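Novice: Provided herewith: query-v2.txt, compact mmCIF, C-alpha atoms.
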# COMPACT_ATOMS: atom_id res chain seq x y z
CA MET A 1 1.20 -4.26 -12.64
CA PHE A 2 0.30 -1.11 -10.71
CA ASP A 3 2.34 1.97 -11.36
CA GLY A 4 1.84 5.54 -12.37
CA ARG A 5 0.25 8.33 -10.41
CA GLU A 6 -3.26 6.96 -10.35
CA PRO A 7 -4.52 5.37 -7.15
CA ILE A 8 -4.44 1.56 -7.44
CA TYR A 9 -8.24 1.32 -7.32
CA VAL A 10 -8.51 3.63 -10.33
CA GLN A 11 -6.06 1.42 -12.21
CA ILE A 12 -8.04 -1.70 -11.32
CA ALA A 13 -11.32 -0.12 -12.44
CA GLU A 14 -9.65 0.91 -15.69
CA ALA A 15 -8.31 -2.62 -16.25
CA ILE A 16 -11.79 -4.11 -15.78
CA ARG A 17 -13.32 -1.52 -18.14
CA GLY A 18 -10.68 -2.54 -20.68
CA GLU A 19 -11.56 -6.21 -20.31
CA ILE A 20 -15.23 -5.46 -20.88
CA LEU A 21 -14.44 -3.32 -23.95
CA SER A 22 -12.17 -5.98 -25.44
CA GLY A 23 -14.76 -8.68 -24.81
CA ALA A 24 -12.49 -10.60 -22.43
CA LEU A 25 -15.26 -10.06 -19.89
CA GLN A 26 -18.70 -10.70 -21.38
CA GLU A 27 -21.93 -9.05 -20.28
CA GLY A 28 -23.64 -11.14 -17.64
CA GLU A 29 -20.36 -12.81 -16.76
CA GLN A 30 -19.23 -12.99 -13.14
CA VAL A 31 -16.09 -11.05 -12.22
CA MET A 32 -13.56 -12.15 -9.61
CA SER A 33 -14.49 -11.52 -5.99
CA THR A 34 -12.62 -8.81 -4.08
CA THR A 35 -10.78 -11.54 -2.19
CA GLN A 36 -9.77 -13.34 -5.37
CA TYR A 37 -8.74 -10.05 -6.90
CA ALA A 38 -6.74 -9.05 -3.84
CA THR A 39 -4.88 -12.35 -3.59
CA THR A 40 -4.28 -12.63 -7.34
CA TYR A 41 -2.84 -9.13 -7.70
CA ARG A 42 -1.45 -8.92 -4.17
CA ILE A 43 -3.30 -5.83 -3.14
CA ASN A 44 -5.38 -4.81 -0.18
CA PRO A 45 -8.92 -6.22 -0.44
CA ALA A 46 -10.35 -2.79 0.47
CA THR A 47 -8.61 -1.34 -2.58
CA ALA A 48 -10.22 -3.94 -4.84
CA ALA A 49 -13.58 -3.29 -3.19
CA LYS A 50 -13.19 0.44 -3.91
CA ALA A 51 -12.67 -0.27 -7.60
CA PHE A 52 -15.75 -2.51 -7.73
CA ALA A 53 -17.83 0.10 -5.92
CA GLU A 54 -16.87 2.67 -8.54
CA LEU A 55 -17.88 0.32 -11.36
CA VAL A 56 -21.18 -0.46 -9.64
CA ASP A 57 -21.84 3.30 -9.37
CA GLU A 58 -21.15 3.63 -13.09
CA GLY A 59 -23.61 0.85 -13.84
CA VAL A 60 -20.87 -1.30 -15.36
CA LEU A 61 -21.10 -4.02 -12.71
CA TYR A 62 -23.96 -5.08 -10.50
CA LYS A 63 -23.94 -6.94 -7.27
CA GLN A 64 -25.99 -10.02 -6.59
CA ARG A 65 -26.12 -10.43 -2.87
CA GLY A 66 -24.41 -13.55 -1.64
CA VAL A 67 -23.35 -14.56 -5.15
CA GLY A 68 -20.95 -11.94 -6.46
CA MET A 69 -20.42 -9.22 -9.04
CA PHE A 70 -21.53 -9.43 -12.66
CA VAL A 71 -21.09 -7.37 -15.79
CA THR A 72 -24.26 -5.35 -16.52
CA ASP A 73 -26.05 -5.82 -19.82
CA GLY A 74 -25.16 -2.94 -22.08
CA ALA A 75 -21.98 -2.18 -20.12
CA ALA A 76 -19.73 -2.33 -23.18
CA ALA A 77 -21.90 0.08 -25.16
CA ARG A 78 -22.03 2.49 -22.23
CA LEU A 79 -18.25 2.37 -21.82
CA ARG A 80 -17.76 2.88 -25.55
CA THR A 81 -19.83 6.08 -25.54
CA LYS A 82 -18.02 7.40 -22.52
CA GLY A 83 -14.63 6.33 -23.85
CA SER A 84 -14.95 7.98 -27.23
CA ASP A 85 -15.66 11.32 -25.54
CA SER A 86 -12.45 11.21 -23.55
CA PHE A 87 -10.48 9.63 -26.39
CA PHE A 88 -10.32 12.87 -28.33
CA ALA A 89 -9.62 15.13 -25.38
CA GLU A 90 -7.22 12.97 -23.39
CA ARG A 91 -5.56 10.72 -25.92
CA LEU A 92 -5.65 12.25 -29.37
CA SER A 93 -5.01 15.88 -28.46
CA PRO A 94 -1.59 15.23 -26.88
CA VAL A 95 -0.58 13.09 -29.87
CA LEU A 96 -1.61 15.80 -32.29
CA ARG A 97 0.29 18.37 -30.26
CA GLU A 98 3.39 16.25 -30.51
CA ALA A 99 2.80 15.80 -34.23
CA ALA A 100 2.71 19.58 -34.60
CA HIS A 101 6.05 19.88 -32.78
CA LEU A 102 7.52 17.35 -35.17
CA GLY A 103 6.25 19.36 -38.12
CA ILE A 104 3.87 16.65 -39.27
CA THR A 105 1.11 18.18 -41.36
CA THR A 106 -2.59 17.41 -41.17
CA GLU A 107 -2.38 15.97 -44.70
CA GLN A 108 0.33 13.55 -43.60
CA LEU A 109 -1.76 12.48 -40.61
CA VAL A 110 -4.87 11.95 -42.70
CA SER A 111 -3.06 9.98 -45.37
CA TYR A 112 -1.37 7.85 -42.69
CA ILE A 113 -4.74 7.02 -41.17
CA THR A 114 -6.41 6.26 -44.50
CA ASP A 115 -3.47 4.12 -45.63
CA GLN A 116 -2.73 2.21 -42.44
CA HIS A 117 -6.09 2.15 -40.70
CA PRO A 118 -8.65 2.47 -43.49
CA THR A 119 -11.53 1.47 -41.20
CA GLY A 120 -10.59 3.78 -38.35
CA GLY A 121 -10.47 2.16 -34.94
CA THR A 122 -12.64 -0.79 -35.92
CA ASP A 123 -10.16 -2.69 -38.09
CA ARG A 124 -9.15 -5.33 -35.57
CA MET B 1 -9.24 -1.87 17.19
CA ASN B 2 -8.39 1.75 16.60
CA VAL B 3 -5.25 3.40 17.90
CA THR B 4 -4.78 7.04 18.82
CA LEU B 5 -1.57 8.75 19.91
CA GLU B 6 -1.58 12.29 21.17
CA ASP B 7 1.61 14.30 21.65
CA VAL B 8 3.53 11.18 22.54
CA SER B 9 7.18 11.59 23.46
CA VAL B 10 9.64 8.98 24.65
CA ARG B 11 12.88 10.22 26.11
CA PHE B 12 15.83 7.90 26.58
CA PRO B 13 18.81 9.08 28.65
CA ASP B 14 20.72 10.33 25.63
CA THR B 15 18.06 10.74 23.00
CA LEU B 16 14.48 11.71 22.23
CA ALA B 17 13.18 8.51 20.62
CA LEU B 18 9.75 9.95 19.85
CA ASP B 19 9.00 13.65 19.72
CA THR B 20 5.35 14.73 20.24
CA VAL B 21 3.89 12.22 17.82
CA SER B 22 0.13 12.36 17.20
CA LEU B 23 -1.59 9.93 14.90
CA ASP B 24 -4.74 7.91 14.27
CA TRP B 25 -4.99 4.36 13.02
CA SER B 26 -8.58 3.43 12.32
CA GLU B 27 -10.06 0.02 12.84
CA GLY B 28 -10.05 -2.82 10.34
CA ARG B 29 -7.39 -1.50 7.98
CA ILE B 30 -3.79 -2.30 7.15
CA HIS B 31 -1.55 0.59 8.11
CA GLY B 32 2.05 0.94 6.97
CA LEU B 33 4.61 2.41 9.36
CA LEU B 34 7.72 3.50 7.52
CA GLY B 35 10.97 4.99 8.64
CA ARG B 36 14.68 4.45 8.47
CA ASN B 37 16.47 2.43 11.09
CA GLY B 38 16.33 4.29 14.38
CA ALA B 39 13.42 6.50 13.35
CA GLY B 40 11.35 5.29 16.32
CA LYS B 41 9.12 2.66 14.72
CA SER B 42 9.81 -0.08 17.26
CA THR B 43 9.50 2.30 20.20
CA LEU B 44 6.15 3.47 18.89
CA LEU B 45 4.80 -0.05 18.41
CA SER B 46 5.94 -1.16 21.86
CA LEU B 47 3.96 1.73 23.40
CA ILE B 48 0.80 0.45 21.74
CA ALA B 49 1.46 -3.12 22.88
CA ALA B 50 1.99 -1.79 26.43
CA GLY B 51 5.64 -2.82 26.40
CA ARG B 52 6.63 0.62 27.65
CA ARG B 53 5.03 3.89 28.70
CA PRO B 54 5.51 7.25 27.02
CA THR B 55 7.49 9.94 28.84
CA SER B 56 4.60 12.25 28.01
CA GLY B 57 1.43 12.21 25.94
CA THR B 58 -1.34 9.64 25.68
CA VAL B 59 -1.63 6.27 23.96
CA ARG B 60 -5.15 4.95 23.43
CA VAL B 61 -6.37 1.66 22.02
CA GLU B 62 -10.14 1.61 21.65
CA GLY B 63 -10.11 4.76 23.73
CA GLN B 64 -8.26 3.11 26.63
CA ASP B 65 -4.73 3.26 27.93
CA PRO B 66 -3.33 -0.22 27.20
CA TRP B 67 -0.80 -0.04 30.05
CA GLU B 68 -1.43 -2.91 32.50
CA ARG B 69 -4.86 -3.49 31.07
CA GLY B 70 -4.82 -7.24 30.41
CA MET B 71 -8.28 -7.39 28.91
CA LEU B 72 -7.02 -5.06 26.21
CA THR B 73 -3.48 -6.33 25.73
CA GLU B 74 -4.53 -9.95 25.24
CA ARG B 75 -6.16 -8.71 22.05
CA ILE B 76 -3.03 -6.89 20.89
CA CYS B 77 -0.30 -8.92 19.24
CA LEU B 78 3.14 -7.41 18.64
CA VAL B 79 5.60 -9.50 16.69
CA ARG B 80 9.14 -8.26 16.90
CA GLU B 81 12.13 -9.69 15.19
CA GLY B 82 12.88 -12.90 17.08
CA GLY B 83 10.94 -11.65 20.10
CA ASP B 84 8.47 -13.37 22.40
CA LEU B 85 9.39 -16.90 21.34
CA ILE B 86 10.94 -19.60 23.47
CA ASP B 87 14.36 -20.35 22.11
CA GLU B 88 15.11 -23.75 23.62
CA GLU B 89 11.69 -25.28 23.04
CA PRO B 90 10.17 -26.85 19.93
CA ILE B 91 8.00 -24.51 17.85
CA SER B 92 4.93 -26.59 18.73
CA ASP B 93 5.46 -25.79 22.45
CA THR B 94 5.48 -22.07 21.72
CA LEU B 95 2.28 -22.49 19.74
CA GLY B 96 0.76 -24.50 22.61
CA MET B 97 1.61 -21.71 25.02
CA LEU B 98 0.09 -19.09 22.74
CA GLU B 99 -3.04 -21.20 22.43
CA THR B 100 -3.59 -20.93 26.19
CA LEU B 101 -2.61 -17.24 26.41
CA ARG B 102 -4.42 -15.87 23.41
CA PRO B 103 -8.20 -16.19 23.17
CA THR B 104 -8.17 -15.66 19.41
CA PHE B 105 -5.23 -17.96 18.56
CA ASP B 106 -6.06 -20.45 15.78
CA ARG B 107 -3.85 -23.49 16.33
CA ALA B 108 -5.02 -25.39 13.26
CA TYR B 109 -4.21 -22.40 11.06
CA ALA B 110 -0.78 -22.06 12.69
CA ASP B 111 -0.04 -25.74 12.00
CA ASP B 112 -1.13 -25.33 8.37
CA LEU B 113 1.13 -22.32 7.99
CA LEU B 114 4.11 -24.14 9.52
CA GLU B 115 3.65 -26.91 7.01
CA SER B 116 3.17 -24.62 4.03
CA PHE B 117 6.33 -22.68 4.96
CA GLY B 118 8.21 -25.96 5.33
CA LEU B 119 8.90 -25.73 9.07
CA ARG B 120 8.92 -28.80 11.33
CA PRO B 121 6.79 -28.35 14.48
CA LYS B 122 9.41 -30.23 16.53
CA ALA B 123 12.27 -27.98 15.43
CA LYS B 124 13.74 -25.87 18.22
CA LEU B 125 13.82 -22.20 17.53
CA ASN B 126 17.52 -21.81 18.27
CA THR B 127 18.35 -24.32 15.52
CA LEU B 128 16.62 -22.25 12.84
CA SER B 129 18.10 -19.69 10.48
CA ARG B 130 17.28 -16.01 10.94
CA GLY B 131 14.81 -16.13 8.07
CA GLN B 132 13.08 -19.20 9.48
CA ARG B 133 12.80 -17.56 12.88
CA SER B 134 11.23 -14.52 11.24
CA THR B 135 8.81 -16.84 9.47
CA VAL B 136 7.78 -18.37 12.79
CA GLY B 137 7.18 -14.84 14.09
CA ALA B 138 5.08 -14.03 11.04
CA ILE B 139 3.07 -17.23 11.52
CA VAL B 140 2.45 -16.28 15.15
CA GLY B 141 1.27 -12.85 13.99
CA LEU B 142 -1.15 -14.32 11.47
CA ALA B 143 -2.49 -17.20 13.56
CA THR B 144 -2.97 -15.16 16.74
CA ARG B 145 -5.70 -13.36 14.79
CA ALA B 146 -5.48 -10.55 17.32
CA PRO B 147 -7.91 -7.70 16.60
CA LEU B 148 -4.85 -5.45 16.67
CA THR B 149 -1.77 -7.01 15.09
CA LEU B 150 1.52 -5.11 15.05
CA LEU B 151 4.26 -6.54 12.86
CA ASP B 152 7.62 -4.90 13.48
CA GLU B 153 10.04 -5.58 10.61
CA VAL B 154 8.79 -9.14 10.71
CA HIS B 155 10.25 -9.89 7.27
CA LEU B 156 13.90 -9.48 8.29
CA GLY B 157 16.01 -12.36 7.06
CA MET B 158 13.23 -13.89 4.97
CA ASP B 159 14.20 -14.43 1.36
CA ALA B 160 12.13 -12.80 -1.37
CA PRO B 161 9.92 -15.83 -2.20
CA THR B 162 9.15 -16.37 1.50
CA ARG B 163 8.24 -12.70 1.93
CA GLN B 164 5.92 -12.92 -1.04
CA ARG B 165 4.29 -16.03 0.38
CA PHE B 166 3.86 -14.22 3.65
CA TYR B 167 2.19 -11.21 2.00
CA ASP B 168 -0.09 -13.58 0.08
CA GLU B 169 -1.11 -15.34 3.29
CA LEU B 170 -1.65 -12.03 5.01
CA ILE B 171 -3.94 -10.73 2.27
CA ALA B 172 -5.91 -13.96 2.05
CA ASP B 173 -6.34 -14.20 5.81
CA TYR B 174 -7.15 -10.50 6.18
CA ALA B 175 -9.87 -10.80 3.54
CA GLU B 176 -11.45 -13.62 5.56
CA ASN B 177 -10.75 -12.23 9.01
CA PRO B 178 -10.58 -8.44 8.87
CA ARG B 179 -8.66 -6.81 11.70
CA THR B 180 -6.36 -3.90 12.33
CA TYR B 181 -2.77 -4.31 11.18
CA VAL B 182 0.18 -2.01 11.62
CA ILE B 183 3.15 -3.22 9.61
CA SER B 184 6.50 -1.53 9.95
CA SER B 185 9.07 -1.95 7.25
CA HIS B 186 11.59 -0.24 5.10
CA LEU B 187 10.81 -2.53 2.14
CA ILE B 188 8.29 -0.05 0.86
CA ALA B 189 7.90 -1.29 -2.69
CA GLU B 190 6.72 -4.66 -1.40
CA LEU B 191 4.40 -3.21 1.16
CA GLU B 192 2.93 -0.43 -0.95
CA PRO B 193 0.05 -2.30 -2.61
CA ILE B 194 -1.00 -3.90 0.67
CA VAL B 195 -1.26 -0.92 2.99
CA GLU B 196 -4.16 1.53 3.02
CA THR B 197 -2.45 4.27 4.95
CA VAL B 198 1.15 5.38 5.17
CA THR B 199 2.79 6.81 8.26
CA ILE B 200 6.38 7.98 8.00
CA LEU B 201 8.59 8.65 10.99
CA ARG B 202 11.82 10.58 10.71
CA ALA B 203 14.19 10.84 13.63
CA GLY B 204 11.39 10.40 16.14
CA SER B 205 9.01 12.86 14.54
CA LEU B 206 5.93 12.21 12.47
CA LEU B 207 6.73 13.29 8.94
CA LEU B 208 3.52 12.21 7.26
CA GLN B 209 0.32 10.32 7.83
CA ALA B 210 -1.89 9.89 4.78
CA GLU B 211 -3.97 7.52 2.69
CA ALA B 212 -1.65 5.47 0.50
CA ASP B 213 -3.62 6.49 -2.58
CA ASP B 214 -3.20 10.18 -1.75
CA VAL B 215 0.53 9.81 -1.27
CA ARG B 216 0.76 8.15 -4.65
CA THR B 217 -1.10 11.03 -6.30
CA ARG B 218 0.77 13.73 -4.48
CA GLY B 219 4.26 12.84 -5.61
CA LEU B 220 5.22 13.84 -9.12
CA THR B 221 8.20 14.72 -11.24
CA LEU B 222 8.37 17.55 -13.73
CA THR B 223 10.97 17.18 -16.46
CA GLY B 224 11.64 19.86 -19.04
CA PRO B 225 13.39 23.16 -19.73
CA ALA B 226 14.91 24.35 -16.43
CA ALA B 227 13.24 27.77 -16.36
CA THR B 228 9.76 26.45 -17.16
CA VAL B 229 9.99 23.61 -14.69
CA THR B 230 11.20 25.88 -11.92
CA GLU B 231 8.38 28.32 -12.57
CA LEU B 232 5.73 25.61 -12.54
CA ALA B 233 7.01 24.23 -9.27
CA GLN B 234 6.84 27.59 -7.52
CA GLY B 235 5.19 27.40 -4.13
CA LEU B 236 5.23 23.62 -4.05
CA PRO B 237 7.49 21.56 -1.82
CA VAL B 238 10.41 20.43 -3.98
CA ILE B 239 12.04 17.36 -2.50
CA GLY B 240 14.48 16.50 -5.24
CA SER B 241 16.25 18.21 -8.12
CA ARG B 242 18.42 16.95 -10.95
CA ASP B 243 19.89 18.74 -13.94
CA LEU B 244 20.89 17.21 -17.22
CA GLY B 245 22.19 19.92 -19.50
CA PRO B 246 19.34 22.37 -20.09
CA THR B 247 16.80 19.87 -18.79
CA ARG B 248 15.75 19.87 -15.17
CA GLN B 249 13.84 17.23 -13.27
CA LEU B 250 12.13 18.30 -10.07
CA THR B 251 10.46 15.90 -7.68
CA LEU B 252 7.51 17.54 -5.94
CA PHE B 253 5.34 16.54 -3.07
CA GLY B 254 2.07 18.37 -3.43
CA GLU B 255 -0.89 18.95 -5.67
CA LEU B 256 -0.35 20.67 -8.97
CA ALA B 257 -3.39 22.77 -9.94
CA ALA B 258 -5.30 21.61 -13.02
CA THR B 259 -4.33 24.79 -14.88
CA ASP B 260 -0.65 24.20 -14.09
CA LEU B 261 -0.93 20.61 -15.30
CA GLU B 262 -2.39 21.91 -18.55
CA ARG B 263 0.35 24.52 -18.84
CA ALA B 264 2.99 21.89 -18.14
CA ARG B 265 1.67 19.68 -20.92
CA ALA B 266 1.47 22.61 -23.33
CA ALA B 267 5.06 23.60 -22.49
CA ASP B 268 6.37 20.10 -23.20
CA VAL B 269 7.10 19.43 -19.58
CA GLU B 270 6.86 15.76 -18.85
CA ILE B 271 4.87 14.77 -15.77
CA GLY B 272 5.94 11.55 -14.15
CA ALA B 273 5.00 9.35 -11.26
CA VAL B 274 7.11 8.95 -8.15
CA PRO B 275 7.07 5.48 -6.66
CA LEU B 276 6.39 5.54 -2.93
CA GLN B 277 9.85 4.08 -2.39
CA ASP B 278 11.47 7.10 -4.08
CA LEU B 279 9.27 9.55 -2.20
CA PHE B 280 10.28 7.88 1.02
CA ILE B 281 13.97 8.17 0.16
CA HIS B 282 13.60 11.84 -0.79
CA LEU B 283 11.55 12.65 2.29
CA THR B 284 13.81 10.91 4.77
CA GLU B 285 17.30 11.34 3.33
CA GLU B 286 18.07 14.55 5.14
CA ASP B 287 18.00 13.20 8.60
CA PRO B 288 18.21 16.12 11.01
CA ARG B 289 19.58 13.89 13.76
Any chance you could put this one into structure tokens?
Specialist:
Amino acid sequence: MFDGREPIYVQIAEAIRGEILSGALQEGEQVMSTTQYATTYRINPATAAKAFAELVDEGVLYKQRGVGMFVTDGAAARLRTKGSDSFFAERLSPVLREAAHLGITTEQLVSYITDQHPTGGTDR
Amino acid sequence: MNVTLEDVSVRFPDTLALDTVSLDWSEGRIHGLLGRNGAGKSTLLSLIAAGRRPTSGTVRVEGQDPWERGMLTERICLVREGGDLIDEEPISDTLGMLETLRPTFDRAYADDLLESFGLRPKAKLNTLSRGQRSTVGAIVGLATRAPLTLLDEVHLGMDAPTRQRFYDELIADYAENPRTYVISSHLIAELEPIVETVTILRAGSLLLQAEADDVRTRGLTLTGPAATVTELAQGLPVIGSRDLGPTRQLTLFGELAATDLERARAADVEIGAVPLQDLFIHLTEEDPR
């Protein structure tokens, strides 16, 4: 599950953000404990704890002492705002650069999007 | 318990087993000790467990020299391949002995582990397979619950499912009972997600000590037109190179500046990850010995 150049804790945090965005993790829902996370994914518990700490700092998760970690109300909306900023810079730009190399014109791109994804990213 | 080595050398009659090694293992973490066979891993661990003294330099556990300091060494557990176990006796006798010798030994946990790994308490050690003996060693390492636990290639002979079970047990127990672990191995891919720091020995010398996350971020490959790739890699330690026609792939160990990363992307140079296992192979393949 963990590969790439990112530290494992960054990958875990990203996976949890993804679950919140997709609705797999609902607001107010309890997330796995660091121990459960560590044993399930076979990683060091400190690494899991680091990921949770990052998400707490971002206001995505909150800690209830003695009970566990929960998804903050409004977490999905907050992640969506943050995610759409980086979407253009980090995801779309490289794709468009590649499109340019392949000689794909802006018109072709636009007509592909309007034909195949008429409602943009919200057509799931 | 934290461990500090300063300029530690161990000289054997015909070889320098450790050459001025200095390192720090902080308390309460799982440290990985990597190196090829003969790199000095076992020698280093036996110094910490007071099994031998360095020719020069200092070894400190909790700031104290562990040599002949029983109060300290009873809290240090070194498990070597097949070591420290009574061959002709049933496993349960060995566990009974450990129970009296080790203040932190958890007999009930040891018995649970024996059962879950499918080992009979009455079995004599010398009737077991190599893998089963290693498993007994691993069980001793876990159940001793020593504040400083050193596992020296404890997985040898275990089959893959048994190793995985062992790692699972280790993580679960460590989460409940945090302590300091040093685990030596050359099965890096398996160990990678578990360890927090990585220490690599090569031919008796310390090659690297770093946070596992940093090591992961530091290794990268650049793949693209030979001239561009070579230029981007200038000034960085190149540890591997491969050419395929006009395309070159360089494996680097170092940080690439943000501007260089941007330039690489713009120049169609592909940036890839280097698994710790590959880094290890690159870093240790040219053995100076």
Novice: Give as a ChimeraX atom specification every residue of chain A that touches chain B within 10 Å, counting all atoms listed in the file.
Specialist: /A:2-10,34-36,38-47,94,97-98,101
Novice: Excluding stretch 52-57 of chain A and any residue of its chain fewer than 4 positions from it, enumerate the residues within 8 Å of it, using all atoms listed in the file, and give them as a list in words.
Specialist: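 Those residues are Ala13, Thr34, Ala48, Leu61, Tyr62 and Lys63 of chain A.
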Novice: Work out how far apart atom CA of B:Thr127 and atom CA of B:Val79 are and give it in Å to one decimal.
Specialist: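 Computing the Euclidean distance for atom CA of B:Thr127 and atom CA of B:Val79 yields 19.6 Å.
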Novice: I'd like to know which of B:Leu283, B:Val269, B:Ala210, B:Leu148 is closest to B:Glu27, using all atoms listed in the file.
Specialist: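 Among B:Leu283, B:Val269, B:Ala210, B:Leu148, it is B:Leu148 that comes nearest to B:Glu27.
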Novice: Atom CA of B:Ala17 and atom CA of B:Gly240 are how many Å apart?
Specialist: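 Calculated distance between atom CA of B:Ala17 and atom CA of B:Gly240 is 27.1 Å.
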Novice: How many Å lie between atom CA of B:Glu285 and atom CA of B:Ala39, rounded to one decimal?
Specialist: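 About the pair atom CA of B:Glu285 and atom CA of B:Ala39: they are 11.8 Å apart.
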Novice: Could you pull out every residue with an atom within 12 Å of (17.3, -19.7, 21.1), file coordinates, counting all atoms listed in the file, and send them as a VMD selection string?
Specialist: chain B and resid 82 to 91 123 to 130 133
Novice: When you count all atoms listed in the file, which of these residues is closest to B:His186: B:Thr58, B:Ser116, B:Gln277, B:Thr223?
Specialist: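 Among B:Thr58, B:Ser116, B:Gln277, B:Thr223, it is B:Gln277 that comes nearest to B:His186.
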Novice: For B:Gly224, please output as a list in words all residues within 10 Å (counting only C-alpha atoms; exclusion window: fewer than 6 positions along the same chain).
Specialist: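 Listing them by chain and then by number gives Thr230, Asp243, Leu244, Pro246, Thr247, Arg248, Gln249, Leu250, Ala264, Ala267, Asp268, Val269, Glu270 and Ile271 of chain B.
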Novice: Calculated over all atoms listed in the file, which of the candidates A:Leu25, A:Leu92, A:Ala100, A:Ile113 has the smallest distance to A:Thr72?
Specialist: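 Ranking A:Leu25, A:Leu92, A:Ala100, A:Ile113 by distance to A:Thr72, first place goes to A:Leu25.
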